[in-house]
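First the structure, in the form of structure tokens, and then the observations on it.
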Amino acid sequence: MLDAARAGLDVPIETKLHAPGPRPEWVPRPELTDFLAASVTAKLILVDAPAGFGKTTLAAQWRASATERRPFAWVSLDPADNDPGRLWWHVVCAMQRACPGFAGEDILGALRVQVPEVTGTVLPFLVNALAALEAPAVLVLDDYHVITERACHEQLEFLLLHLPPQVQLVLTSRADPPLRLGRLRAAGQLLDIGADQLRLGATQVATLVHAVSGVKLHDPDLADLLARTEGWPAGVYLAALSLRGHPSPHSFIGQFSGANRFIGDFLAEEVLGRQSAEVQQFLMRTSVLGRFCAPLAAAVSGVGNAAEILDLLERENLFIVPLDDTRRWFRYHHLFEQMLRSRLARTAPDIVPSLHQSASAWHQLHGSADEAIRHALASGDSRLAIDLIAGYWLGYVNSGQVGTVHNWIRSLGEGRIADSPLAAHCAAWAAAMSGDRQSARRWLPVIEAGEDDGPLPDGMRSLRFSAALLRGVYGFDGLLVMRESAATAARLERDPTSPWYALAQGALGYSLYMSGQPEAAARPLEEAARSEASLPLTRIVASSTLSLIAAESGRLPQAWQLMRNALDLARRDEFSRTPSASMAHIAAGTVYAAQGRLDQARGELEQALQSRRGIAGSSPWPTFEATLVLGQVALDQGDRTRAEELADEARDVLTTLPDGAEAQQTRLEMLDRRLAGPRRAPSPAEPLTEREEAVLRLFEGDLPLRKIAKELYVSLNTVKTHTQSIYRKLGVSDRQDAVTRGRELGLL
């Protein structure tokens, strides 16, 4: 069975990264391939025409032509690539295979996270890697019309805007892509190849007909066929297939119609109808498969000689397309596949669900969770689909393919989710992890209404535990509900070997800390941080929160070490762009602020806040923490305007979610009092340095100078020097007067 933890982006689908190989029936198009090879100044080449016009074939011929020397990175797109994480993963893998010197590992690392930051991180990495290529290259995205996700289009526009000159992008598509291409056209950087350029002329029609059927048409018949097909390559090819062995080519052409609406009937009657009953059954039953190999085809069709039939189909050029160099995986020509599916639906509709169920079972056994789930959905077996989604959603989310999980959820439909607490469980967690707070909250009552005591396929204790943990982790309903829910989750899961146990402990500790109970928070946070079963993201949050507790109690060495532990994890490629990583930067900012290193503190806190705002619907409480601490730091730096803005943002959170937030309200009021007090005035002498301000803040406590030196990691003599400088600049002679004067000046 497929390992759920690895059911993500680690292994690309190799068959998507190969251009079609040369075939005997291909009609040479030297006028087009030479033109394309010479168009090196075009940033984008758009090959845009209806189905069957030979778009993919032209791109493959250009790649293989003698006049083209550049390497081609090729991605054959399918509807599953509507997930940005999946789309750009295959683009990077294609570039790595085409250009061995392409530095793609950092990009893959940026994609191997729960919610990849594509435009802000992945694409800049990609642009830089492309710019570093030593030689020109071509990137082909074949069948771009299958991409409908708006985010994918916006990301491609970003890539086009920043594409380095040594890389040329090629899109083949059946429809105009929804891209803003006016700037490229105006700059002469866009080359359009459309249906008019792809239509076959008389000589090419004659060549294709002879290559496929062995028939040499007389000039009148050739002209008639050209007029009827209007040079449409697929129509000519279909006609040529039926001309094989036909007793009267003249009469056949006289009756042939090239109108698109007749092609389906023509294929069924003149191509499918000429095959044996066994081959016809094989073709129709395997038409439910987007791609197939002999074992998969055998499992679905029920025939034992699938490999022999595939060999026959390939020899006869019966609309079968090899997808790899070893000719193990195939697909049908899209028009042929559509005709087969239509005929299957008319003649044997009752077996279609079982065909999809067989395909789903085969893919489960051979390691493709995505295809297993898609076939389960197509079969109409919602229970099977939900069980599969529940088993594999976490692996896909953790590898950056949350978009794929959302596609599964959308395919289920809201009605099925509302009827299935297990489906609602998957939908709610996927929504919460991607920042869709509204959807997560909508499905929580469905989970809570479930009677299943578990365990669930992803290892959670029960549906009740799932709902409690979700509320306890994300705090969508305020700190009171967050704390109570986390406590419930911690009571329900008592197995310390479960990662969900550690997450529940971490959620309980964090909710207690945010509720103003740092002493009570320490124990569950320590449990989450040291648990061997704890997931890295759980350890980041637990260690970061423990660092905040230590910093607030004046234990700066301990706070520093905990912060470093969290930050080391958070900076790993696979975690650096997750919401949890922002907690480590909040801890770093807090510790730096306590040390008086305000510029570094502000940098860490601004980074954390920017990361949190990138997923606006995620948990509001880390965002609140970053906002409040940053407001204090900004005020310490004399940036009152920024501090006031941040205080207003923090106030908005507490206005929306007031329950249980008394401790945070008190913290906000303290910041408000500082903002309402006298504006920070300049010292009558020269201003204090950041390190002197740190020493002054520690004067407020009762630490002797030796311990202040230890807290700041400096020598005792250095602290004494800072002390004398503080006295001189503030015009005082002792520590208490320095604190009083510091408060008057707004330094404390």
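Each chain in the structure tokens gets a letter, A, B, ..., in the order shown, and its residues are numbered from 1; ligands are numbered from 1 in order too.
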
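Look at A:Val653: the protein and nucleic acid residues within 10 Å of it, using only C-alpha atoms and passing over chain neighbours fewer than 5 places away, are Gly478, Pro620, Trp621, Thr623, Phe624, Asp648, Pro658 and Ala661 of chain A.
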
Could you name the residues that touch A:Leu36 at 9 Å or less, counting only C-alpha atoms, but leaving out those on the same chain fewer than 3 positions away, as a VMD selection string? chain A and resid 31 to 33 39 to 40 45 62 68 191

For A:Leu184, the nearest of the candidates A:Thr41, A:Asp106, A:His250, A:Ala80, counting only C-alpha atoms: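 Nearest candidate to A:Leu184 out of A:Thr41, A:Asp106, A:His250, A:Ala80: A:Thr41.
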
Rounded to one decimal place, report the atom CA of A:Glu154-atom CA of A:Gly104 distance in Å.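 If I compute the distance from atom CA of A:Glu154 to atom CA of A:Gly104, I get 21.4 Å.
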
Identify, on the basis of only C-alpha atoms, every residue whose closest approach to stretch 670-677 of chain A does not exceed 8 Å; exclude the query and any residue fewer than 6 positions from it along the same chain; express the result as a list in words. Gly631, Gln632, Leu635, Arg640, Ala643, Glu644, Ala647 and Gly746 of chain A

Can you list, as a CSV table (one decimal) with N, CA and C atoms, in the first residue's frame, every protein, DNA or RNA residue that comes within 10 Å of A:Arg437 when you count only C-alpha atoms, leaving out same-chain residues fewer than 5 positions away?
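See result_7.csv below for the written result:
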```
chain,number,residue,atom,x,y,z
A,428,ALA,N,-12.4,20.0,6.9
A,428,ALA,CA,-12.1,21.1,7.9
A,428,ALA,C,-10.6,21.2,8.2
A,429,TRP,N,-9.9,20.1,8.3
A,429,TRP,CA,-8.5,20.2,8.5
A,429,TRP,C,-7.7,20.8,7.3
A,431,ALA,N,-9.0,22.9,5.1
A,431,ALA,CA,-9.3,24.3,5.1
A,431,ALA,C,-8.5,25.1,6.1
A,432,ALA,N,-8.4,24.5,7.4
A,432,ALA,CA,-7.7,25.2,8.4
A,432,ALA,C,-6.3,25.4,8.1
A,442,ARG,N,-17.3,25.8,9.3
A,442,ARG,CA,-18.6,25.3,8.8
A,442,ARG,C,-18.7,23.8,9.0
A,474,TYR,N,-6.3,26.0,16.4
A,474,TYR,CA,-6.5,27.2,15.6
A,474,TYR,C,-7.2,28.3,16.4
A,476,PHE,N,-10.2,29.5,16.4
A,476,PHE,CA,-11.1,30.3,15.6
A,476,PHE,C,-12.2,31.0,16.5
A,615,ILE,N,-1.4,34.0,5.1
A,615,ILE,CA,-2.5,33.1,5.3
A,615,ILE,C,-3.4,33.7,6.3
A,616,ALA,N,-4.2,34.7,5.8
A,616,ALA,CA,-5.0,35.6,6.6
A,616,ALA,C,-6.0,34.8,7.5
A,617,GLY,N,-6.5,33.7,7.0
A,617,GLY,CA,-7.5,32.9,7.7
A,617,GLY,C,-7.0,31.9,8.7
A,618,SER,N,-5.7,31.9,8.9
A,618,SER,CA,-5.1,30.9,9.8
A,618,SER,C,-5.4,31.4,11.2
A,619,SER,N,-4.8,30.7,12.2
A,619,SER,CA,-5.1,31.1,13.6
A,619,SER,C,-4.7,32.5,13.9
A,620,PRO,N,-5.6,33.3,14.5
A,620,PRO,CA,-5.4,34.7,14.8
A,620,PRO,C,-4.4,35.0,15.9
```

The distance between atom CA of A:Thr404 and atom CA of A:Ala94 is 20.1 Å

Tell me, which residues of stretch 424-522 of chain A carry DSSP helix (DSSP H, G or I), written as a ChimeraX atom specification? /A:424-433,437-448,463-474,479-492,499-514,518-522

Suppose you want the space between atom CA of A:Ile726 and atom CA of A:Gly554; what is it in Å?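 About the pair atom CA of A:Ile726 and atom CA of A:Gly554: they are 21.2 Å apart.
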
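In this comparison, which uses only C-alpha atoms, the residue of A:Leu567, A:Leu444, A:Leu698, A:Ile253 approaching A:Arg228 most closely is A:Ile253.
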
Quick one: residues within 9 Å of stretch 405-417 of chain A, only C-alpha atoms counted, chain neighbours fewer than 3 positions away excluded, as a ChimeraX atom specification? /A:80,82-83,370,373-374,377,382,385-386,389,392-394,396-397,401-402,420-427,430-431,443,446

I'd like to know which of A:Glu371, A:Glu744, A:Asp636, A:Glu692 is closest to A:Lys729, using only C-alpha atoms.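 When distances to A:Lys729 are compared using only C-alpha atoms, the smallest one comes from A:Glu692.
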
Would you mind listing what lies within 6 Å of A:Val300 as a list in words, with only C-alpha atoms counted and same-chain residues fewer than 4 positions away left out?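 Selected residues are Leu355, Ser358 and Ala359 of chain A.
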
A:Ala51, A:Val140, A:Leu133, A:Leu108: which is nearest A:Ser399, counting only C-alpha atoms?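 Closest candidate: A:Leu108.
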